[in-house]
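*Asks:* Below is the file query01.txt, with compact mmCIF, C-alpha atoms and all ligand atoms.
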# COMPACT_ATOMS: atom_id res chain seq x y z
CA MET A 958 11.98 -12.27 -3.99
CA ARG A 959 9.54 -11.11 -6.64
CA GLY A 960 7.52 -7.91 -6.70
CA PHE A 961 5.21 -6.02 -9.06
CA ALA A 962 6.64 -2.55 -9.62
CA MET A 963 6.40 0.76 -11.42
CA ARG A 964 9.13 0.67 -14.09
CA ARG A 965 8.63 4.20 -15.34
CA ILE A 966 5.68 6.59 -15.66
CA GLY A 967 2.93 4.64 -17.41
CA GLU A 968 4.60 1.22 -17.14
CA VAL A 969 4.45 -1.62 -14.58
CA GLY A 970 6.04 -5.09 -14.44
CA TRP A 971 7.66 -7.80 -12.33
CA VAL A 972 11.00 -7.19 -10.63
CA THR A 973 13.39 -9.16 -8.43
CA ARG A 974 14.62 -7.73 -5.11
CA GLU A 975 16.65 -8.81 -2.10
CA LYS A 976 14.37 -9.85 0.77
CA PRO A 977 14.20 -6.78 3.10
CA ARG A 978 15.91 -6.81 6.54
CA PRO A 979 14.40 -5.34 9.73
CA GLY A 980 15.98 -2.54 11.76
CA PRO A 981 15.71 -2.90 15.57
CA TYR A 982 12.09 -1.62 15.77
CA ASP A 983 10.88 -3.03 12.43
CA ALA A 984 9.22 -6.17 11.10
CA ILE A 985 9.36 -8.12 7.86
CA ILE A 986 5.95 -9.37 6.77
CA ARG A 987 5.18 -12.37 4.57
CA THR A 988 2.28 -11.19 2.42
CA LEU A 989 -1.00 -13.18 2.59
CA ALA A 990 -3.40 -10.90 0.65
CA VAL A 991 -3.35 -7.49 -1.06
CA GLY A 992 -5.88 -5.02 -2.44
CA ILE A 993 -5.40 -3.20 -5.74
CA CYS A 994 -5.97 0.54 -5.35
CA THR A 995 -6.55 3.42 -7.74
CA SER A 996 -4.07 5.53 -5.73
CA ASP A 997 -1.22 3.41 -7.12
CA GLN A 998 -2.65 3.80 -10.59
CA HIS A 999 -2.59 7.60 -10.19
CA THR A 1000 1.04 7.23 -9.09
CA VAL A 1001 1.98 5.17 -12.16
CA TYR A 1002 -0.13 6.73 -14.90
CA ASP A 1003 -0.36 10.38 -13.75
CA GLY A 1004 3.19 10.41 -12.37
CA PRO A 1005 2.69 13.06 -9.65
CA LEU A 1006 5.66 11.69 -7.70
CA GLY A 1007 7.96 11.18 -10.70
CA GLU A 1008 9.64 8.00 -11.94
CA LEU A 1009 9.79 5.96 -8.75
CA ARG A 1010 10.69 2.40 -9.85
CA LEU A 1011 9.30 1.09 -6.55
CA ILE A 1012 7.23 -2.03 -5.87
CA MET A 1013 3.57 -0.95 -5.85
CA GLY A 1014 0.82 -1.84 -3.36
CA HIS A 1015 -0.04 -0.40 0.06
CA GLU A 1016 -2.97 -2.56 1.23
CA ALA A 1017 -1.98 -5.84 2.82
CA VAL A 1018 -2.56 -8.47 5.45
CA GLY A 1019 0.21 -10.88 6.26
CA GLU A 1020 2.12 -12.98 8.73
CA VAL A 1021 5.08 -11.68 10.69
CA ALA A 1022 8.21 -13.34 9.27
CA GLU A 1023 10.94 -11.58 11.22
CA VAL A 1024 11.16 -8.86 13.89
CA GLY A 1025 13.94 -6.51 15.03
CA SER A 1026 15.64 -6.85 18.42
CA GLU A 1027 13.49 -4.12 20.08
CA VAL A 1028 10.05 -5.31 18.91
CA LYS A 1029 8.13 -6.45 22.02
CA ASP A 1030 4.53 -7.26 21.10
CA PHE A 1031 4.77 -9.26 17.87
CA GLN A 1032 6.60 -12.39 16.87
CA PRO A 1033 7.04 -14.56 13.78
CA GLY A 1034 3.80 -16.33 12.86
CA ASP A 1035 1.44 -13.58 14.11
CA ARG A 1036 -1.35 -12.79 11.64
CA ILE A 1037 -1.51 -9.04 11.18
CA LEU A 1038 -2.96 -6.14 9.25
CA VAL A 1039 -0.76 -3.26 8.11
CA GLY A 1040 -2.17 0.18 7.42
CA ALA A 1041 -1.46 1.89 4.12
CA VAL A 1042 -0.07 4.65 6.33
CA THR A 1043 2.82 3.70 8.64
CA PRO A 1044 3.89 6.72 10.73
CA ASP A 1045 7.20 7.22 12.50
CA TRP A 1046 5.73 7.55 15.97
CA ARG A 1047 8.82 9.14 17.51
CA THR A 1048 8.39 12.45 15.69
CA LEU A 1049 7.30 15.96 16.61
CA GLU A 1050 4.42 15.76 14.13
CA CYS A 1051 3.02 12.79 16.10
CA GLN A 1052 3.37 14.72 19.36
CA ARG A 1053 1.40 17.53 17.78
CA GLY A 1054 -1.33 15.02 16.89
CA TRP A 1055 -0.77 14.65 13.16
CA HIS A 1056 0.72 11.21 12.72
CA GLN A 1057 -0.23 11.11 9.01
CA HIS A 1058 2.36 13.84 8.42
CA SER A 1059 5.24 12.42 10.45
CA GLY A 1060 8.44 13.43 8.70
CA GLY A 1061 6.66 16.04 6.56
CA MET A 1062 3.45 16.47 4.53
CA LEU A 1063 1.88 13.03 3.95
CA GLY A 1064 5.19 11.58 5.20
CA ALA A 1065 3.55 8.54 6.79
CA PHE A 1066 2.37 7.29 3.40
CA LYS A 1067 5.61 5.44 2.69
CA PHE A 1068 4.68 2.36 0.64
CA THR A 1069 5.06 3.10 -3.10
CA THR A 1070 6.23 6.68 -2.46
CA THR A 1071 9.50 6.44 -0.52
CA LYS A 1072 9.95 2.67 -0.19
CA ASP A 1073 8.85 -0.60 -1.79
CA GLY A 1074 5.19 -1.48 -1.35
CA VAL A 1075 3.38 -4.72 -0.55
CA PHE A 1076 2.97 -6.36 -3.99
CA ALA A 1077 5.88 -8.62 -3.05
CA GLU A 1078 6.56 -11.88 -1.25
CA TYR A 1079 7.82 -9.91 1.76
CA PHE A 1080 7.75 -6.28 2.80
CA HIS A 1081 9.20 -4.06 5.52
CA VAL A 1082 7.20 -2.22 8.21
CA ASN A 1083 8.77 0.49 10.37
CA ASP A 1084 7.91 0.79 14.07
CA ALA A 1085 6.23 -2.63 14.16
CA ASP A 1086 4.80 -2.42 17.70
CA MET A 1087 2.92 0.74 16.73
CA ASN A 1088 2.03 0.00 13.09
CA LEU A 1089 0.93 -3.66 13.04
CA ALA A 1090 -2.58 -4.62 14.13
CA ARG A 1091 -3.59 -8.05 15.35
CA LEU A 1092 -6.07 -9.71 13.04
CA PRO A 1093 -8.98 -11.49 14.75
CA GLU A 1094 -9.19 -15.10 13.46
CA ALA A 1095 -12.83 -14.80 12.39
CA ILE A 1096 -12.26 -12.03 9.84
CA PRO A 1097 -11.65 -13.41 6.32
CA LEU A 1098 -8.62 -12.07 4.43
CA GLU A 1099 -10.64 -10.32 1.71
CA SER A 1100 -12.52 -8.34 4.37
CA ALA A 1101 -9.46 -7.66 6.51
CA VAL A 1102 -7.46 -6.24 3.62
CA MET A 1103 -10.14 -3.53 3.20
CA VAL A 1104 -9.12 -2.20 6.61
CA ALA A 1105 -5.67 -1.29 5.29
CA ASP A 1106 -7.07 1.71 3.36
CA MET A 1107 -10.72 1.59 2.14
CA VAL A 1108 -12.34 1.40 5.58
CA PRO A 1109 -10.09 3.95 7.34
CA THR A 1110 -10.13 6.35 4.38
CA GLY A 1111 -13.91 6.19 3.92
CA LEU A 1112 -14.60 6.44 7.65
CA HIS A 1113 -12.13 9.31 7.95
CA GLY A 1114 -14.30 11.25 5.53
CA VAL A 1115 -17.05 10.86 8.13
CA GLU A 1116 -14.71 11.73 11.01
CA LEU A 1117 -13.83 14.97 9.20
CA ALA A 1118 -17.46 15.71 8.27
CA GLU A 1119 -18.65 15.14 11.89
CA PRO A 1120 -22.34 14.73 11.05
CA ALA A 1121 -24.74 15.24 13.95
CA PHE A 1122 -27.58 12.74 14.51
CA GLY A 1123 -30.04 13.21 11.70
CA ALA A 1124 -27.71 15.39 9.61
CA ALA A 1125 -28.03 15.42 5.81
CA VAL A 1126 -24.85 14.07 4.24
CA CYS A 1127 -23.88 13.69 0.60
CA VAL A 1128 -21.10 11.33 -0.47
CA ILE A 1129 -19.66 12.22 -3.87
CA GLY A 1130 -18.23 9.14 -5.58
CA ILE A 1131 -19.19 5.60 -4.62
CA GLY A 1132 -16.10 3.61 -5.40
CA PRO A 1133 -14.90 1.52 -2.44
CA VAL A 1134 -13.87 4.56 -0.37
CA GLY A 1135 -17.14 6.39 -0.97
CA LEU A 1136 -19.10 3.25 -0.08
CA MET A 1137 -17.30 3.05 3.25
CA ALA A 1138 -18.10 6.74 3.78
CA VAL A 1139 -21.79 5.94 3.19
CA ALA A 1140 -21.56 3.09 5.71
CA GLY A 1141 -19.73 5.36 8.14
CA ALA A 1142 -22.34 8.13 7.82
CA ALA A 1143 -25.03 5.58 8.64
CA LEU A 1144 -23.04 4.30 11.64
CA ARG A 1145 -22.62 7.89 12.87
CA GLY A 1146 -26.37 8.49 12.76
CA ALA A 1147 -26.81 10.70 9.70
CA GLY A 1148 -30.42 11.11 8.52
CA MET A 1149 -30.55 11.66 4.79
CA ILE A 1150 -27.57 10.04 3.09
CA ILE A 1151 -27.25 10.98 -0.57
CA ALA A 1152 -24.79 8.98 -2.68
CA VAL A 1153 -23.60 10.29 -6.04
CA GLY A 1154 -22.68 7.64 -8.60
CA SER A 1155 -23.89 5.87 -11.70
CA ARG A 1156 -22.39 2.38 -11.90
CA PRO A 1157 -25.14 -0.16 -11.04
CA VAL A 1158 -22.86 -2.37 -8.92
CA SER A 1159 -21.87 0.63 -6.78
CA VAL A 1160 -25.42 1.98 -6.59
CA GLU A 1161 -26.66 -1.37 -5.22
CA ALA A 1162 -23.82 -1.44 -2.70
CA ALA A 1163 -24.53 2.18 -1.64
CA LYS A 1164 -28.15 1.27 -0.88
CA HIS A 1165 -26.94 -1.78 1.04
CA TYR A 1166 -24.59 0.38 3.15
CA GLY A 1167 -27.27 2.93 4.01
CA ALA A 1168 -27.76 5.49 1.23
CA THR A 1169 -31.28 6.91 1.33
CA HIS A 1170 -31.02 8.63 -2.07
CA ILE A 1171 -28.91 8.02 -5.19
CA LEU A 1172 -28.04 10.81 -7.60
CA ASN A 1173 -26.54 10.35 -11.05
CA TYR A 1174 -24.53 13.23 -12.53
CA LYS A 1175 -25.74 12.10 -15.97
CA GLU A 1176 -29.23 13.22 -14.95
CA GLY A 1177 -28.35 16.87 -14.37
CA ASP A 1178 -26.23 19.14 -12.24
CA ILE A 1179 -25.57 17.41 -8.92
CA ALA A 1180 -25.75 20.53 -6.76
CA HIS A 1181 -29.14 21.37 -8.28
CA GLN A 1182 -30.37 17.84 -7.62
CA VAL A 1183 -29.20 18.08 -4.00
CA ALA A 1184 -30.92 21.45 -3.65
CA ALA A 1185 -34.17 19.94 -4.94
CA LEU A 1186 -33.93 17.01 -2.50
CA THR A 1187 -33.23 19.25 0.51
CA GLY A 1188 -35.84 21.96 -0.09
CA GLU A 1189 -33.11 24.30 -1.42
CA GLN A 1190 -31.26 24.04 1.93
CA GLY A 1191 -28.25 21.98 0.87
CA VAL A 1192 -26.60 19.29 2.97
CA ASP A 1193 -24.92 19.69 6.35
CA ALA A 1194 -21.84 17.87 5.11
CA ALA A 1195 -20.45 16.69 1.81
CA ILE A 1196 -17.80 13.98 1.68
CA VAL A 1197 -15.64 13.99 -1.44
CA ALA A 1198 -14.55 10.49 -2.47
CA GLY A 1199 -14.38 10.99 -6.23
CA GLY A 1200 -14.55 13.61 -8.95
CA GLU A 1201 -10.77 14.08 -8.90
CA LYS A 1202 -10.63 15.37 -12.45
CA GLY A 1203 -10.30 19.15 -12.35
CA GLY A 1204 -11.31 19.07 -8.69
CA GLN A 1205 -14.95 18.70 -9.73
CA GLY A 1206 -15.87 16.66 -6.66
CA LEU A 1207 -14.63 19.42 -4.36
CA PHE A 1208 -16.28 22.12 -6.47
CA GLN A 1209 -19.67 20.38 -6.30
CA ALA A 1210 -19.27 19.67 -2.58
CA ILE A 1211 -18.84 23.37 -1.81
CA ARG A 1212 -21.84 24.23 -3.98
CA MET A 1213 -24.20 21.74 -2.32
CA THR A 1214 -23.30 22.48 1.31
CA ARG A 1215 -25.45 24.85 3.36
CA PRO A 1216 -23.93 27.86 5.20
CA GLY A 1217 -22.00 26.58 8.19
CA GLY A 1218 -21.60 23.16 6.60
CA THR A 1219 -18.52 21.02 6.24
CA ILE A 1220 -16.75 19.72 3.15
CA ALA A 1221 -14.60 16.67 3.90
CA ASN A 1222 -12.22 15.51 1.20
CA VAL A 1223 -10.59 12.06 1.07
CA ALA A 1224 -10.02 12.01 -2.71
CA TYR A 1225 -6.52 12.06 -4.22
CA PHE A 1226 -6.07 15.07 -6.51
CA SER A 1227 -3.10 13.84 -8.52
CA THR A 1228 -3.00 16.46 -11.29
CA GLY A 1229 -3.31 20.23 -11.72
CA ASP A 1230 -1.78 23.10 -9.75
CA THR A 1231 -4.93 24.52 -8.18
CA LEU A 1232 -8.42 23.40 -7.15
CA PRO A 1233 -11.65 25.32 -7.82
CA ILE A 1234 -13.76 27.09 -5.18
CA PRO A 1235 -17.10 28.47 -6.44
CA ARG A 1236 -17.10 32.10 -5.24
CA ALA A 1237 -20.84 32.72 -4.88
CA ASP A 1238 -21.59 29.34 -3.29
CA TRP A 1239 -18.78 29.99 -0.82
CA GLY A 1240 -20.70 33.06 0.30
CA LEU A 1241 -18.28 35.38 -1.54
CA GLY A 1242 -15.66 33.88 0.77
CA MET A 1243 -17.79 34.39 3.90
CA GLY A 1244 -20.12 31.38 3.87
CA HIS A 1245 -18.84 29.77 7.10
CA LYS A 1246 -18.22 26.59 5.16
CA THR A 1247 -15.37 24.50 6.52
CA ILE A 1248 -13.19 22.73 3.96
CA LYS A 1249 -11.19 19.82 5.34
CA GLY A 1250 -9.09 17.14 3.70
CA GLY A 1251 -7.18 14.39 5.38
CA LEU A 1252 -5.12 11.28 4.84
CA MET A 1253 -6.45 8.18 6.60
CA PRO A 1254 -5.53 7.71 10.25
CA ALA A 1255 -3.43 4.68 11.11
CA GLY A 1256 -1.38 2.99 13.78
CA ARG A 1257 -2.09 -0.12 15.79
CA HIS A 1258 -4.74 1.29 18.12
CA LYS A 1259 -6.71 2.95 15.33
CA LEU A 1260 -6.56 -0.08 13.05
CA GLU A 1261 -7.56 -2.50 15.80
CA THR A 1262 -10.49 -0.19 16.58
CA PHE A 1263 -11.58 -0.27 12.94
CA LEU A 1264 -11.17 -4.08 12.93
CA SER A 1265 -13.55 -4.30 15.90
CA LEU A 1266 -16.29 -2.90 13.64
CA LEU A 1267 -15.87 -6.04 11.52
CA GLU A 1268 -15.39 -8.39 14.45
CA PHE A 1269 -18.64 -7.30 16.12
CA GLY A 1270 -20.73 -7.15 12.98
CA ARG A 1271 -21.14 -3.36 12.65
CA LEU A 1272 -19.51 -3.16 9.24
CA ASP A 1273 -18.90 -5.81 6.60
CA PRO A 1274 -16.65 -4.59 3.76
CA ALA A 1275 -16.60 -8.03 2.05
CA ARG A 1276 -19.06 -6.74 -0.54
CA LEU A 1277 -16.34 -4.43 -1.89
CA ALA A 1278 -14.22 -7.41 -2.94
CA THR A 1279 -16.07 -8.19 -6.15
CA HIS A 1280 -13.07 -9.91 -7.76
CA VAL A 1281 -10.96 -12.26 -5.62
CA PHE A 1282 -7.91 -13.82 -7.28
CA HIS A 1283 -5.85 -16.67 -5.85
CA GLY A 1284 -2.08 -16.69 -6.42
CA MET A 1285 0.40 -13.80 -6.24
CA GLU A 1286 1.04 -13.89 -10.01
CA ASN A 1287 -2.54 -12.65 -10.51
CA ILE A 1288 -1.57 -9.19 -9.22
CA GLU A 1289 -0.82 -8.28 -12.82
CA GLU A 1290 -4.28 -9.27 -14.09
CA ALA A 1291 -5.97 -7.67 -11.09
CA TRP A 1292 -4.00 -4.44 -11.67
CA HIS A 1293 -5.13 -4.20 -15.28
CA LEU A 1294 -8.70 -5.12 -14.29
CA MET A 1295 -8.74 -2.20 -11.84
CA ARG A 1296 -7.62 0.09 -14.63
CA ALA A 1297 -10.18 -1.27 -17.13
CA LYS A 1298 -12.94 -1.01 -14.50
CA PRO A 1299 -15.51 -3.46 -15.93
CA ALA A 1300 -19.15 -2.82 -15.00
CA ASP A 1301 -19.24 -5.38 -12.19
CA LEU A 1302 -16.04 -4.26 -10.45
CA ILE A 1303 -15.73 -2.49 -7.11
CA LYS A 1304 -12.36 -3.74 -5.89
CA PRO A 1305 -10.01 -6.59 -6.81
CA VAL A 1306 -8.22 -8.53 -4.08
CA VAL A 1307 -5.40 -11.04 -4.52
CA ILE A 1308 -4.94 -13.83 -1.97
CA TYR A 1309 -1.44 -15.29 -2.24
ZN ZN B 1401 -5.32 2.27 -1.36
Write the structure described by the file as C-alpha cells, please.
Ligand SMILES: [Zn+2]

*Replies:*
Amino acid sequence: MRGFAMRRIGEVGWVTREKPRPGPYDAIIRTLAVGICTSDQHTVYDGPLGELRLIMGHEAVGEVAEVGSEVKDFQPGDRILVGAVTPDWRTLECQRGWHQHSGGMLGAFKFTTTKDGVFAEYFHVNDADMNLARLPEAIPLESAVMVADMVPTGLHGVELAEPAFGAAVCVIGIGPVGLMAVAGAALRGAGMIIAVGSRPVSVEAAKHYGATHILNYKEGDIAHQVAALTGEQGVDAAIVAGGEKGGQGLFQAIRMTRPGGTIANVAYFSTGDTLPIPRADWGLGMGHKTIKGGLMPAGRHKLETFLSLLEFGRLDPARLATHVFHGMENIEEAWHLMRAKPADLIKPVVIY
C-alpha cells in the first residue's frame, strides 16, 4: 500500500509499505478522509522527535477493514472515527486517570511518533473496542475528521480552563484548534470571549463561533489590550492555542490573567529547552495563577460524546475545512498548502 511519509528532517514523500496486520485486540482501518495538521509539520520541519521515517497523519475517519480475534464491538464495514490519541487502556497510567500518558509521557500519541500514521490506504489501531468511535450517518466526512484532533484539542483547552458562567476568557491563536476553543468557551457559558488573531478568514470564523472581541497583536501588546478591555482586571482564563515561537503564547497568557486565574495550554512547543514565565505578572511567583497544559482526551466514549455535539447541532466544525481535496494523491498538495498557509486557509481535508 502507499503512504505519505517523513523521509528525513525537512523532507516528505510517498512510500510503499506492507498492509498492516491486526493483533488480537486491534483493527485495520481503510482510510476514507484525513485532515492535514501543523503538528505533523512541526515533527517534520522542526524535528523534535528525530528522523522518524514514518507515515505522517493522525486525523482520520475510515471503515473497519479487519479486526483481531478479541474485538467484540466492531466489524468490517463499520464507519468509524479514530482519535489522534489512541491509548493503551490496560495500563497503570489509565487506572490513575491519565490515558493520554499511557506507556509514558504523551505515550498515547502514537501515530507519526512511534508507528505509521493515517496518510495511507490502511492503518492500524490498537485496542479497537476502546479507541474506535461509531460515526453517525448524518455527519459529513469533512466535519467528522475534525473530531479526530481539532475539536477535542480545542475543547480540552476549555476543559482545562474551566470557565464559570459569565467568565472572561481569552483564546490566543485562532487556527482551527483556537477556533474550537472559542466555540467551546461559548458552549461552556463564558461571558466575554476575546480571540487573538489577525488573519481575516480566522477572524470571521472566530466571530461566528462566539468571540465577542478580536485582538490583533499587530495593533499593540496583547496583554495591554486585554487589560484595557477588562478595566485593568485581566481575564479569568487564557487558553493558549498558538504563539508557539519562544513560548510567546504562554508568556502573554500569564500576563493577561488575573490573580487566581487559569492558563490552559493546548499548543505544541516543538523547539527550545525552556518556556518563559513573566515574574512580576506571576505575582513574583505567588499570584495564585494555575498553569495547565494537556494533550487531547480520547477513547471511544469521549470521542462519541464529542460527536454528539455535531449530531445534535451544538457545534459545526465544517467551517474549518476551507480546502477539501478529493483523491488520496492530493495529500501531497494539501500538505504543502498547509505549510504555505494562503490567506483563505484554515484547514485542508483530503477525502479519498
Ligand atoms: Zn492534528

*Asks:* Can you tell me which residues come within 12 Å of ligand ZN 1401 (chain B) when counting only C-alpha atoms and all ligand atoms, ideally as a short mmCIF file (atom, residue, chain, number, x, y, z; two decimals) with C-alpha atoms, keeping the file's coordinate frame?

*Replies:*
data_model
loop_
_atom_site.label_atom_id
_atom_site.label_comp_id
_atom_site.auth_asym_id
_atom_site.auth_seq_id
_atom_site.Cartn_x
_atom_site.Cartn_y
_atom_site.Cartn_z
CA VAL A 991 -3.35 -7.49 -1.06
CA GLY A 992 -5.88 -5.02 -2.44
CA ILE A 993 -5.40 -3.20 -5.74
CA CYS A 994 -5.97 0.54 -5.35
CA THR A 995 -6.55 3.42 -7.74
CA SER A 996 -4.07 5.53 -5.73
CA ASP A 997 -1.22 3.41 -7.12
CA GLN A 998 -2.65 3.80 -10.59
CA HIS A 999 -2.59 7.60 -10.19
CA THR A 1000 1.04 7.23 -9.09
CA MET A 1013 3.57 -0.95 -5.85
CA GLY A 1014 0.82 -1.84 -3.36
CA HIS A 1015 -0.04 -0.40 0.06
CA GLU A 1016 -2.97 -2.56 1.23
CA ALA A 1017 -1.98 -5.84 2.82
CA VAL A 1039 -0.76 -3.26 8.11
CA GLY A 1040 -2.17 0.18 7.42
CA ALA A 1041 -1.46 1.89 4.12
CA VAL A 1042 -0.07 4.65 6.33
CA PHE A 1066 2.37 7.29 3.40
CA PHE A 1068 4.68 2.36 0.64
CA THR A 1069 5.06 3.10 -3.10
CA GLY A 1074 5.19 -1.48 -1.35
CA VAL A 1075 3.38 -4.72 -0.55
CA VAL A 1102 -7.46 -6.24 3.62
CA MET A 1103 -10.14 -3.53 3.20
CA VAL A 1104 -9.12 -2.20 6.61
CA ALA A 1105 -5.67 -1.29 5.29
CA ASP A 1106 -7.07 1.71 3.36
CA MET A 1107 -10.72 1.59 2.14
CA VAL A 1108 -12.34 1.40 5.58
CA PRO A 1109 -10.09 3.95 7.34
CA THR A 1110 -10.13 6.35 4.38
CA GLY A 1111 -13.91 6.19 3.92
CA GLY A 1132 -16.10 3.61 -5.40
CA PRO A 1133 -14.90 1.52 -2.44
CA VAL A 1134 -13.87 4.56 -0.37
CA VAL A 1223 -10.59 12.06 1.07
CA ALA A 1224 -10.02 12.01 -2.71
CA TYR A 1225 -6.52 12.06 -4.22
CA LEU A 1252 -5.12 11.28 4.84
CA MET A 1253 -6.45 8.18 6.60
CA MET A 1295 -8.74 -2.20 -11.84
CA LYS A 1304 -12.36 -3.74 -5.89
CA PRO A 1305 -10.01 -6.59 -6.81
CA VAL A 1306 -8.22 -8.53 -4.08
#

*Asks:* In Å, rounded to a single decimal, give me how far CA of Val1028 (chain A) is from CA of Asp1086 (chain A).

*Replies:*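 About the pair CA of Asp1086 (chain A) and CA of Val1028 (chain A): they are 6.1 Å apart.
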
*Asks:* Using all atoms listed in the file, which residue out of A:Gly1218, A:Gly1154, A:Gly1199, A:Gly1206 lies closest to Glu1119 (chain A)?

*Replies:*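 Smallest distance to Glu1119 (chain A) is found for A:Gly1218.
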
*Asks:* Please provide the set of residues having any atom within 6 Å of region 1177-1191 of chain A, restricted to only C-alpha atoms, with same-chain residues fewer than 3 positions apart removed, written as number ranges by chain.

*Replies:* A: 1174, 1213-1215

*Asks:* Please, could you write that set of residues out with C-alpha atoms as a PDB file, in the coordinates of the input?

*Replies:*
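The resulting file, out-v9.pdb, is reproduced below:
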ATOM      1  CA  TYR A1174     -24.530  13.230 -12.530  1.00  0.00           C
ATOM      2  CA  MET A1213     -24.200  21.740  -2.320  1.00  0.00           C
ATOM      3  CA  THR A1214     -23.300  22.480   1.310  1.00  0.00           C
ATOM      4  CA  ARG A1215     -25.450  24.850   3.360  1.00  0.00           C
TER       5      ARG A1215
END

*Asks:* I need the residue nearest Asp1084 (chain A) from this list: A:Arg1036, A:Arg1145, A:His1058, A:Arg1047. Use all atoms listed in the file for the distance.

*Replies:* A:Arg1047

*Asks:* So that I can check the surroundings of region 1255-1268 of chain A, please list as a list in words every protein, DNA and RNA residue that reaches within 6 Å of it, counting only C-alpha atoms and ignoring chain neighbours fewer than 3 positions away.

*Replies:*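 My reading of the contact set: Gly1040, Val1042, Met1087, Asn1088, Leu1089, Ala1090, Arg1271, Leu1272 and Asp1273 of chain A.
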
*Asks:* Counting all atoms listed in the file, which residue out of A:Val1197, A:Ala1085, A:Ile1211, A:Ala1152 sits closest to Asp1030 (chain A)?

*Replies:*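 Answer, going by the shortest atom-to-atom distance: A:Ala1085.
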
*Asks:* Nearest residue to Asp1193 (chain A) out of A:Pro1254, A:Gly1130, A:Gly1242, A:Pro1120, using all atoms listed in the file?

*Replies:* A:Pro1120

*Asks:* Could you tell me which of A:Gly1141, A:Gly1250, A:Gly1061, A:Pro979 comes closest to Leu1112 (chain A) if we count all atoms listed in the file?

*Replies:*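 For Leu1112 (chain A), the nearest of the given residues is A:Gly1141.
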
*Asks:* Rank nothing, just name the residue among A:Ala1142, A:Ala1101, A:Leu989, A:Leu1011 nearest to Tyr1309 (chain A), using all atoms listed in the file.

*Replies:*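 For Tyr1309 (chain A), the nearest of the candidates is A:Leu989.
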
*Asks:* Would you mind reading off the distance between CA of Phe1282 (chain A) and CA of Glu1020 (chain A), one decimal, in Å?

*Replies:*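 Computing the Euclidean distance for CA of Phe1282 (chain A) and CA of Glu1020 (chain A) yields 18.9 Å.
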
*Asks:* If I take CA of Thr988 (chain A) and CA of Tyr1079 (chain A), how far is one from the other in Å, to one decimal?

*Replies:*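 One can read the CA of Thr988 (chain A) to CA of Tyr1079 (chain A) distance as 5.7 Å.
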